[in-house]
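Asks: Take a look at this one; I'll ask things after.
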Amino acid sequence: MGQLTRITISLGVVGLLLTSTFVLSQEAKEAVPAGTTTTTIAVPEKKAEEVSKEIRKVRVRVAPVPAVPPAKAAVKAQPKQAAAGGIQAIVRSLQRAAGIQPAPVAVEVAAAGEEGAVLDPLIAQFTQQFRPVMRSELHFIRKLCEPTPDQRKSLAEQGEKALKAVATKFAKIQHQMNTGRWQWGSESPIVRQLLEELLLDNLKATFSEDQVTRYRHEINERTNLLKQVAVPNLVATLDQTLVLSTDQREKISDSLMKNWDRSWCLSLEYVQLFDQYFPNIPDTLVVPYLDTIQKNVWSGMQKNQRIFLGIANPGNIRFDESAFQEEESNDKTAESTTKK
Amino acid sequence: MIKPDITASFVVTLALLLGTGLTTRAQDDDLVDEDKPQAENMIRINRPLYTEDTFNQWVFGSSGGLSQGRKRIDASLNLLMGHLDRTCQLTTEQKQKLRLAGEGDLKRFLNRYEKARQRFQALRNDQNKLGEIFQEIQPLQHEIRVGLFGEGSIFFKTVNSTLDEDQNAKFEKLLRERRWFRYRAKINLVVASLDNAIGFSAEQRAQFVKLLTEETEAPLKFGQWDHFAVLYQASHLPEDKLKQIFDPVQWRVLQLQIRQAKAMAKLLEDGGFVTKPGKKNDAAAQAKIKPSLEATQ
């Protein structure tokens, strides 16, 4: 082989080695999220003999446990953990396949704290937002059931517990919505309704049967209220478009009442927007009562399904917490007087 | 020997090609085509931001374009004509007059529509002019929502002048029934909304609804201020009648809502949603309300 040929071959091999190194270093950089640290997960020695040498010690990139307050840590840790989670999952599955119990990983502990850190501010926000409704409900129960001083104390305690439970429920739903996990058809609770259910359940232990019956009666009356309010408003909205006769309004109202579907209207806030978002009411409930021209207009009307306005809308109502504070402080005064 | 030389050359060539190719791929992300952004910009300018379909959807609030929008307006006129005919037994001449009047309103609307559409065509490629486009569209949207044949329309004026006294009285009666049906629905909605916040018993709700129904008047117009229009009316009721329904704590919270509605008095009165205090709600005033054939906003 000539000298020139030898030199060419040597240059080619060197060039190949250099470029390969460069390419591999590029890929290695992309695999490692910036700002992470390296942690070695050790495999218990007694089982190491059963494990191939390749998985005895594995270097993985694990996001550090955040050193900042929990709420901030939850936000900061998320993107890093998302990158490191996949590698960790592979390691842990290899370990399990080898019959090795994976060691608890710091990131898992952080995950549990992270959800709490995300939910806590939401719970605090909803607690503050719903407190006036809880106070008005307690006031209502006090007037309706005329509780004894001991019962009033228990009522106040149950009110706080119910408020916390309702706020937590809303916080979880809000978190689902924020992370894209909420779907149409999922729960869309009403604050007062939830409070009623919780209070009714908890007061059975301390209130008399008569008191509970009075409260239950009022709750039942309220349960039908949404339908009773929504149907006339639906028909009034229809009337603006279809120009209904008196007889038609009565018949369509009756039809909608008998075949009420809650998906048409999840809460009172939806009633206020019927002019803009008319729900998708089945033809069978309306068309039989229309004339030919009205039927044509009905078929061309825009009807909406899966309308969702969000949760915990305050609507047009303003709250006056001071109105209830006076009553509650009177309760406290009476309680301390009784103790003396 | 020849064979080793050829093999060596092949290996070298392959190594060089592979190295070049890998290097190129590794650095591919670093390559910047300086001409590409400009080309993309050129494409962006030539492709309109919004189409005519979008414009029609904005105006008419649904898909189907101008033809569907016209059909809906025609149907609305037919409905009104049918309603008038059933109620008042219109003569052929009256029907013709009213039909012509309605078509006049449609023509006026279409002229405004065309003007807005041309403005849209001129501005639609400029994202910064979106506000101007909507300023052109909003009056059209409002007309579609409230209807073309209400107060101020040629149709409305023609109804007044075309119907005789007996026909007018019948039609007025039906309009009042429609308006009151809607107002009662709004009263129930307002009371239920207040109940959510204040906590009424079933009996309190019934008493409050009864008082508002019997002692307040249906608004002149309905729309986004209905809640406040009802509470505004409540603010003019004798306080003792209202107060006796509620306990002191409930009354205090309710007063906050009523004060809020009173603060909107000018908006509600000037907008024609409520009658100004002191104005009697007599037959003459009711007659004035009658022509609001589609009194919404």
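Ordered as shown in the structure tokens, chains take letters A, B, and onward, while each chain numbers its residues from 1 and ligands are numbered from 1 in the order shown.
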Please, which residues of region 102-326 of chain A, numbered as in this document, come out helix (DSSP H, G or I) from DSSP, as JSON, numbers by chain?
Replies: {"A": [106, 107, 108, 109, 110, 111, 112, 113, 114, 115, 116, 117, 118, 119, 120, 121, 122, 123, 124, 125, 126, 127, 128, 129, 130, 131, 132, 133, 134, 135, 136, 137, 138, 139, 140, 141, 142, 143, 144, 145, 149, 150, 151, 152, 153, 154, 155, 156, 157, 158, 159, 160, 161, 162, 163, 164, 165, 166, 167, 168, 169, 170, 171, 172, 173, 174, 175, 176, 177, 178, 191, 192, 193, 194, 195, 196, 197, 198, 199, 200, 201, 202, 203, 209, 210, 211, 212, 213, 214, 215, 216, 217, 218, 219, 220, 221, 222, 223, 225, 226, 227, 228, 229, 230, 231, 232, 233, 234, 235, 236, 237, 238, 239, 240, 241, 242, 246, 247, 248, 249, 250, 251, 252, 253, 254, 255, 256, 257, 258, 262, 263, 264, 268, 269, 270, 271, 283, 284, 285, 287, 288, 289, 292, 293, 294, 295, 296, 297, 298, 299, 300, 322, 323, 324, 325, 326]}
Asks: How about saving the chosen residues, C-alpha atoms kept, as a compact mmCIF listing (two decimals), in the first residue's frame?
Replies:
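To be explicit, this is the file written out as result.txt:
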```
# COMPACT_ATOMS: atom_id res chain seq x y z
CA ALA A 106 -36.99 11.53 47.21
CA VAL A 107 -39.08 12.68 44.28
CA GLU A 108 -42.03 10.53 45.38
CA VAL A 109 -42.12 12.18 48.79
CA ALA A 110 -41.96 15.52 47.06
CA ALA A 111 -44.93 14.54 44.85
CA ALA A 112 -47.25 14.07 47.80
CA GLY A 113 -46.15 17.36 49.33
CA GLU A 114 -46.45 18.99 45.93
CA GLU A 115 -50.16 18.25 45.57
CA GLY A 116 -50.77 19.60 49.05
CA ALA A 117 -48.75 22.67 48.18
CA VAL A 118 -50.87 23.20 45.07
CA LEU A 119 -54.19 22.61 46.79
CA ASP A 120 -53.59 24.58 50.00
CA PRO A 121 -53.79 28.04 48.41
CA LEU A 122 -56.91 27.01 46.49
CA ILE A 123 -58.52 25.68 49.67
CA ALA A 124 -57.72 28.94 51.45
CA GLN A 125 -59.17 30.94 48.58
CA PHE A 126 -62.40 28.96 48.43
CA THR A 127 -62.74 28.96 52.22
CA GLN A 128 -62.70 32.73 52.21
CA GLN A 129 -65.04 32.91 49.23
CA PHE A 130 -67.61 30.51 50.67
CA ARG A 131 -67.51 31.67 54.30
CA PRO A 132 -70.39 34.16 53.80
CA VAL A 133 -72.58 31.41 52.37
CA MET A 134 -71.74 29.14 55.30
CA ARG A 135 -72.52 31.92 57.75
CA SER A 136 -75.85 32.65 56.14
CA GLU A 137 -76.71 28.94 56.22
CA LEU A 138 -75.84 28.69 59.93
CA HIS A 139 -77.95 31.76 60.56
CA PHE A 140 -80.81 30.12 58.68
CA ILE A 141 -80.49 26.95 60.78
CA ARG A 142 -80.38 28.97 63.99
CA LYS A 143 -83.64 30.74 63.07
CA LEU A 144 -85.32 27.58 61.84
CA CYS A 145 -84.28 25.08 64.50
CA PRO A 149 -76.47 27.08 73.51
CA ASP A 150 -74.67 23.73 73.36
CA GLN A 151 -76.25 22.98 70.02
CA ARG A 152 -75.23 26.40 68.72
CA LYS A 153 -71.64 25.68 69.69
CA SER A 154 -71.76 22.33 67.92
CA LEU A 155 -73.38 24.02 64.92
CA ALA A 156 -70.53 26.54 64.69
CA GLU A 157 -67.96 23.71 64.81
CA GLN A 158 -69.80 21.66 62.21
CA GLY A 159 -70.08 24.75 60.04
CA GLU A 160 -66.32 25.19 60.00
CA LYS A 161 -65.76 21.52 59.21
CA ALA A 162 -68.33 21.62 56.43
CA LEU A 163 -66.79 24.78 55.02
CA LYS A 164 -63.33 23.20 54.97
CA ALA A 165 -64.69 20.05 53.29
CA VAL A 166 -66.54 22.04 50.62
CA ALA A 167 -63.53 24.28 49.96
CA THR A 168 -61.31 21.20 49.62
CA LYS A 169 -63.72 19.63 47.15
CA PHE A 170 -63.79 22.77 45.02
CA ALA A 171 -60.01 23.09 45.24
CA LYS A 172 -59.59 19.56 43.87
CA ILE A 173 -61.98 20.23 41.02
CA GLN A 174 -60.24 23.52 40.24
CA HIS A 175 -56.89 21.70 40.26
CA GLN A 176 -58.30 19.14 37.85
CA MET A 177 -59.44 21.93 35.57
CA ASN A 178 -56.08 23.67 35.80
CA VAL A 191 -71.80 25.48 47.36
CA ARG A 192 -74.95 25.79 49.42
CA GLN A 193 -76.18 22.36 48.39
CA LEU A 194 -72.94 20.74 49.58
CA LEU A 195 -73.03 22.65 52.84
CA GLU A 196 -76.64 21.57 53.41
CA GLU A 197 -75.81 17.90 52.87
CA LEU A 198 -72.82 17.97 55.19
CA LEU A 199 -74.56 19.95 57.91
CA LEU A 200 -77.69 17.80 57.80
CA ASP A 201 -75.58 14.68 58.14
CA ASN A 202 -73.50 16.00 61.01
CA LEU A 203 -76.25 17.69 62.97
CA GLU A 209 -85.46 14.66 65.39
CA ASP A 210 -87.89 17.55 65.07
CA GLN A 211 -85.12 20.03 64.39
CA VAL A 212 -83.57 17.76 61.76
CA THR A 213 -86.97 17.25 60.13
CA ARG A 214 -87.54 21.00 59.86
CA TYR A 215 -84.14 21.48 58.24
CA ARG A 216 -84.61 18.52 55.89
CA HIS A 217 -87.96 19.93 54.74
CA GLU A 218 -86.34 23.22 53.76
CA ILE A 219 -83.56 21.43 51.90
CA ASN A 220 -86.11 19.44 49.92
CA GLU A 221 -87.94 22.63 49.00
CA ARG A 222 -84.70 24.13 47.72
CA THR A 223 -83.79 21.03 45.71
CA LEU A 225 -85.94 25.33 43.05
CA LEU A 226 -83.45 25.28 40.17
CA LYS A 227 -85.92 23.48 37.88
CA GLN A 228 -88.76 25.77 38.93
CA VAL A 229 -86.71 28.83 38.12
CA ALA A 230 -85.01 27.55 34.96
CA VAL A 231 -88.06 26.27 33.06
CA PRO A 232 -90.04 29.53 32.95
CA ASN A 233 -86.88 31.37 31.95
CA LEU A 234 -86.23 28.83 29.19
CA VAL A 235 -89.75 29.27 27.87
CA ALA A 236 -89.50 33.07 28.10
CA THR A 237 -86.31 32.94 26.05
CA LEU A 238 -87.99 30.66 23.51
CA ASP A 239 -90.91 33.06 23.36
CA GLN A 240 -88.67 35.89 22.25
CA THR A 241 -87.65 33.91 19.18
CA LEU A 242 -90.76 31.86 18.42
CA THR A 246 -100.27 31.62 25.90
CA ASP A 247 -101.34 28.02 25.32
CA GLN A 248 -98.00 27.12 23.77
CA ARG A 249 -96.07 28.63 26.68
CA GLU A 250 -98.08 26.56 29.16
CA LYS A 251 -97.68 23.29 27.24
CA ILE A 252 -93.96 23.71 26.63
CA SER A 253 -93.43 24.65 30.29
CA ASP A 254 -95.24 21.51 31.36
CA SER A 255 -93.23 19.38 28.91
CA LEU A 256 -89.90 20.72 30.16
CA MET A 257 -90.88 20.36 33.83
CA LYS A 258 -91.81 16.71 33.39
CA ARG A 262 -80.00 19.00 34.81
CA SER A 263 -77.43 19.21 32.03
CA TRP A 264 -79.51 22.06 30.56
CA LEU A 268 -78.67 29.68 38.55
CA GLU A 269 -75.84 31.47 36.76
CA TYR A 270 -76.70 29.51 33.63
CA VAL A 271 -80.29 30.79 33.72
CA ASP A 283 -86.98 18.42 19.68
CA THR A 284 -89.53 16.00 21.10
CA LEU A 285 -90.14 18.27 24.07
CA VAL A 287 -91.66 20.75 18.39
CA PRO A 288 -95.05 19.01 18.93
CA TYR A 289 -96.44 22.31 20.24
CA THR A 292 -94.91 25.11 10.76
CA ILE A 293 -93.15 28.47 10.74
CA GLN A 294 -92.11 28.11 14.38
CA LYS A 295 -90.72 24.64 13.66
CA ASN A 296 -88.53 26.07 10.91
CA VAL A 297 -87.22 28.77 13.21
CA TRP A 298 -86.65 26.22 16.02
CA SER A 299 -84.60 24.00 13.71
CA GLY A 300 -82.38 26.96 12.79
CA SER A 322 -70.64 41.96 59.25
CA ALA A 323 -74.34 41.10 59.39
CA PHE A 324 -73.48 37.63 60.70
CA GLN A 325 -70.50 38.59 62.86
CA GLU A 326 -72.73 40.33 65.36
```
Asks: Within 12 Å of Ile73 (chain B), counting only C-alpha atoms, which residues show up once you throw out same-chain ones fewer than 3 positions away? Write them as number ranges by chain, please.
Replies: A: 241-242, 296-297, 300-301; B: 60, 66-70, 76-80, 102-103, 105-107, 109-110, 143-149
Asks: Given the selection you just returned, output its residues as a file containing N, CA and C atoms, formatted as a compact mmCIF listing (two decimals), in the first residue's frame.
Replies:
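Output saved as again.txt:
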```txt
# COMPACT_ATOMS: atom_id res chain seq x y z
N THR A 241 -88.01 34.32 20.54
CA THR A 241 -87.65 33.91 19.18
C THR A 241 -88.85 33.35 18.43
N LEU A 242 -89.69 32.57 19.12
CA LEU A 242 -90.76 31.86 18.42
C LEU A 242 -92.12 32.55 18.49
N ASN A 296 -89.68 25.70 11.74
CA ASN A 296 -88.53 26.07 10.91
C ASN A 296 -87.56 26.94 11.68
N VAL A 297 -88.10 27.88 12.43
CA VAL A 297 -87.22 28.77 13.21
C VAL A 297 -86.51 27.96 14.30
N GLY A 300 -83.53 26.12 13.11
CA GLY A 300 -82.38 26.96 12.79
C GLY A 300 -81.74 27.62 14.00
N MET A 301 -82.36 27.44 15.16
CA MET A 301 -81.82 28.07 16.37
C MET A 301 -80.53 27.41 16.80
N PHE B 60 -74.10 37.02 12.61
CA PHE B 60 -75.34 36.28 12.80
C PHE B 60 -75.30 35.32 13.98
N LEU B 66 -74.64 34.48 5.13
CA LEU B 66 -75.67 35.49 4.95
C LEU B 66 -77.00 34.85 4.59
N SER B 67 -76.98 33.82 3.76
CA SER B 67 -78.24 33.22 3.31
C SER B 67 -79.03 32.67 4.49
N GLN B 68 -78.34 31.99 5.41
CA GLN B 68 -79.02 31.47 6.59
C GLN B 68 -79.51 32.60 7.48
N GLY B 69 -78.68 33.64 7.59
CA GLY B 69 -79.07 34.80 8.40
C GLY B 69 -80.33 35.44 7.86
N ARG B 70 -80.42 35.56 6.55
CA ARG B 70 -81.61 36.16 5.93
C ARG B 70 -82.83 35.28 6.15
N SER B 76 -88.49 35.24 11.22
CA SER B 76 -88.90 36.08 12.34
C SER B 76 -90.05 36.99 11.92
N LEU B 77 -89.97 37.55 10.73
CA LEU B 77 -91.04 38.42 10.22
C LEU B 77 -92.32 37.60 10.01
N ASN B 78 -92.16 36.40 9.47
CA ASN B 78 -93.33 35.54 9.25
C ASN B 78 -94.00 35.18 10.58
N LEU B 79 -93.18 34.95 11.60
CA LEU B 79 -93.74 34.63 12.92
C LEU B 79 -94.56 35.79 13.46
N LEU B 80 -94.01 36.99 13.33
CA LEU B 80 -94.73 38.17 13.83
C LEU B 80 -96.02 38.39 13.07
N GLY B 102 -91.92 45.37 6.86
CA GLY B 102 -90.89 44.45 7.36
C GLY B 102 -89.74 44.30 6.36
N GLU B 103 -90.10 44.24 5.09
CA GLU B 103 -89.06 44.09 4.07
C GLU B 103 -88.21 45.36 3.98
N ASP B 105 -87.40 47.14 6.59
CA ASP B 105 -86.44 47.00 7.68
C ASP B 105 -85.32 46.04 7.29
N LEU B 106 -85.66 44.98 6.60
CA LEU B 106 -84.64 44.01 6.18
C LEU B 106 -83.66 44.67 5.22
N LYS B 107 -84.21 45.46 4.29
CA LYS B 107 -83.34 46.13 3.30
C LYS B 107 -82.37 47.09 4.00
N PHE B 109 -81.26 46.86 7.02
CA PHE B 109 -80.25 46.04 7.71
C PHE B 109 -79.20 45.55 6.71
N LEU B 110 -79.66 45.08 5.56
CA LEU B 110 -78.70 44.54 4.59
C LEU B 110 -77.77 45.63 4.07
N GLU B 143 -78.78 44.12 16.55
CA GLU B 143 -80.05 44.06 15.79
C GLU B 143 -80.50 42.62 15.63
N ILE B 144 -79.56 41.73 15.36
CA ILE B 144 -79.92 40.32 15.21
C ILE B 144 -80.46 39.78 16.53
N ARG B 145 -79.84 40.18 17.62
CA ARG B 145 -80.24 39.66 18.94
C ARG B 145 -81.62 40.17 19.35
N VAL B 146 -81.86 41.47 19.20
CA VAL B 146 -83.14 42.03 19.68
C VAL B 146 -84.23 41.95 18.62
N GLY B 147 -83.84 41.71 17.37
CA GLY B 147 -84.83 41.64 16.30
C GLY B 147 -84.89 42.94 15.52
N LEU B 148 -85.28 42.82 14.27
CA LEU B 148 -85.27 44.00 13.38
C LEU B 148 -86.57 44.77 13.45
N PHE B 149 -87.60 44.20 14.10
CA PHE B 149 -88.94 44.76 13.92
C PHE B 149 -89.51 45.37 15.20
```
Asks: Can you work out which one of B:Gln138, B:Asn168, B:Thr275, B:Gln204 has the shortest atom-to-atom distance to chain A, counting only C-alpha atoms?
Replies: B:Gln204
Asks: Need to verify the contact set: Phe55 (chain B), 9 Å, only C-alpha atoms, exclusion of same-chain residues closer than 5 positions in sequence. Can you return it as a PyMOL selection string?
Replies: chain B and resi 50+60+65+117+120+137
Asks: Find the residues around Asp164 (chain B) up to 12 Å (only C-alpha atoms counted), leave out those fewer than 5 positions away in its own chain, and share them as a list in words.
Replies: Cys88, Gln89, Leu90, Thr91, Gln94, Thr158, Val159, Ala169, Lys170, Phe171 and Glu172 of chain B
Asks: Kindly save the residues from that selection, with N, CA and C atoms included, as a CSV table (one decimal), in the first residue's frame.
Replies:
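Produced file part01.csv, reproduced below:
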```
chain,number,residue,atom,x,y,z
B,88,CYS,N,-105.4,39.4,15.6
B,88,CYS,CA,-106.1,40.6,15.2
B,88,CYS,C,-106.9,40.4,13.9
B,89,GLN,N,-106.8,39.2,13.3
B,89,GLN,CA,-107.5,38.9,12.0
B,89,GLN,C,-107.3,40.1,11.0
B,90,LEU,N,-106.0,40.1,10.5
B,90,LEU,CA,-105.6,41.2,9.6
B,90,LEU,C,-106.4,41.0,8.3
B,91,THR,N,-106.6,42.2,7.7
B,91,THR,CA,-107.1,42.2,6.3
B,91,THR,C,-106.0,42.0,5.3
B,94,GLN,N,-103.9,45.0,5.1
B,94,GLN,CA,-103.0,45.2,6.3
B,94,GLN,C,-101.8,44.3,6.2
B,158,THR,N,-95.6,51.0,11.4
B,158,THR,CA,-96.7,50.6,10.5
B,158,THR,C,-97.8,49.9,11.3
B,159,VAL,N,-97.4,49.0,12.2
B,159,VAL,CA,-98.4,48.4,13.1
B,159,VAL,C,-99.3,49.4,13.8
B,169,ALA,N,-106.0,47.0,20.8
B,169,ALA,CA,-106.3,46.5,22.2
B,169,ALA,C,-106.0,45.1,22.4
B,170,LYS,N,-106.4,44.2,21.4
B,170,LYS,CA,-106.1,42.8,21.5
B,170,LYS,C,-104.6,42.5,21.5
B,171,PHE,N,-103.9,43.2,20.5
B,171,PHE,CA,-102.5,42.9,20.4
B,171,PHE,C,-101.7,43.4,21.6
B,172,GLU,N,-102.2,44.5,22.2
B,172,GLU,CA,-101.5,45.1,23.4
B,172,GLU,C,-101.7,44.1,24.5
```
Asks: Pick out the closest residue to chain B from this set: A:Asn224, A:Ser245, A:Asn304, A:Ser329. Count only C-alpha atoms.
Replies: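 Smallest distance to chain B is found for A:Ser245.
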Asks: Can you tell me, as a PyMOL selection string, what residues are no more than 10 Å from Phe200 (chain B) when counting only C-alpha atoms, ignoring any on the same chain fewer than 2 positions away?
Replies: (chain A and resi 136-137+140+218+222) or (chain B and resi 191-192+194-198+202-206+208+245-247+250)
Asks: Which neighbours of Ile187 (chain B) fall inside 8 Å, counting only C-alpha atoms, when residues of the same chain fewer than 4 positions from it are skipped, and could you give them as a PyMOL selection string?
Replies: chain B and resi 183+191+209+212-213+230
Asks: Would you mind exporting the chosen residues as a PDB file, in the first residue's frame, restricted to C-alpha atoms?
Replies:
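Full text of again32.pdb as output:
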```
ATOM      1  CA  TYR B 183     -90.975  39.292  34.215  1.00  0.00           C
ATOM      2  CA  VAL B 191     -85.328  35.670  44.548  1.00  0.00           C
ATOM      3  CA  VAL B 209     -92.135  36.601  44.978  1.00  0.00           C
ATOM      4  CA  LEU B 212     -92.756  41.698  43.791  1.00  0.00           C
ATOM      5  CA  THR B 213     -95.306  40.256  41.350  1.00  0.00           C
ATOM      6  CA  VAL B 230     -86.117  43.800  39.734  1.00  0.00           C
TER       7      VAL B 230
END
```
Asks: Select, from A:Ile190, A:Val243, A:Cys265, A:Val286, the residue with the minimum atom-to-atom distance to chain B, counting only C-alpha atoms.
Replies: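 The closest residue to chain B is A:Val243.
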